[in-house]
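K.L.:
Before I ask anything, here is the structure I am working with.
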Amino acid sequence: MTQNAETPRAESGAFHEDSAAGGKSAATVPETSPQSDALFSAEPSLAVARPVPMQTSGRLEFAARCPECRAWHRHIGLGEKDAPCGAHYRLEFANKGASA
């Protein structure tokens with residue numbers, strides 16, 4: 001077998017015959033894609049805390065166990081939150097379609 005038949009296209013050296021012949025391969029992969037920044041951000045993903053709705057006498061609040069200090073914190077809305085302990089996390093409900 002030739003090297004191309006044995007080597008997957010994603011690995012380097014897959015176009016050995018093209019480079020040996022002095023030609024440039026027509027199947028080149030750009031180093032960066034336009035979507036790479038959106039798909040693979042430099043920031044690590046935020047921790048997720050699952051809220052427990054609480055009806056107080058004045059409004060609906062959400063209690064969640066902090067992913068860092070493990071204490072319960074209360075918030076008045078969902079989304080990205082800064083906890084009193086200094087933790088930063090995303091407060092969101094679990095997907096109903098996800099298996100536990």
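Ordering of the structure tokens sets the chain letters (A, B, ...); residue numbers start at 1 within each chain; ligands are numbered from 1 in the order shown.
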Which residues are close to region 86-90 of chain A, i.e. within 10 Å by only C-alpha atoms, leaving aside same-chain residues fewer than 2 positions away? Reply as an NGL selection string.
P.N.:
:A and (45-51 or 66-69 or 78-84 or 92-93)
K.L.:
Which residues are near Pro53 (chain A)? Cut-off 7 Å, only C-alpha atoms, ignore same chain within fewer than 4 positions. Put them as an NGL selection string.
P.N.:
:A and (60-63)
K.L.:
For the residues in that selection, give me N, CA and C atoms as a PDB file, in the first residue's frame.
P.N.:
ATOM      1  N   LEU A  60     -39.592  36.214  43.637  1.00  0.00           N
ATOM      2  CA  LEU A  60     -39.049  34.885  43.377  1.00  0.00           C
ATOM      3  C   LEU A  60     -37.530  34.987  43.374  1.00  0.00           C
ATOM      4  N   GLU A  61     -36.852  34.159  44.166  1.00  0.00           N
ATOM      5  CA  GLU A  61     -35.395  34.122  44.217  1.00  0.00           C
ATOM      6  C   GLU A  61     -34.925  32.717  43.888  1.00  0.00           C
ATOM      7  N   PHE A  62     -33.650  32.597  43.624  1.00  0.00           N
ATOM      8  CA  PHE A  62     -33.058  31.300  43.305  1.00  0.00           C
ATOM      9  C   PHE A  62     -31.902  31.029  44.252  1.00  0.00           C
ATOM     10  N   ALA A  63     -31.955  29.895  44.919  1.00  0.00           N
ATOM     11  CA  ALA A  63     -30.863  29.463  45.792  1.00  0.00           C
ATOM     12  C   ALA A  63     -30.050  28.425  45.035  1.00  0.00           C
TER      13      ALA A  63
END
K.L.:
What does the structure give for the distance between CA of Leu91 (chain A) and CA of Arg70 (chain A), in Å to one decimal?
P.N.:
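Interatomic distance, CA of Leu91 (chain A) to CA of Arg70 (chain A): 14.1 Å.
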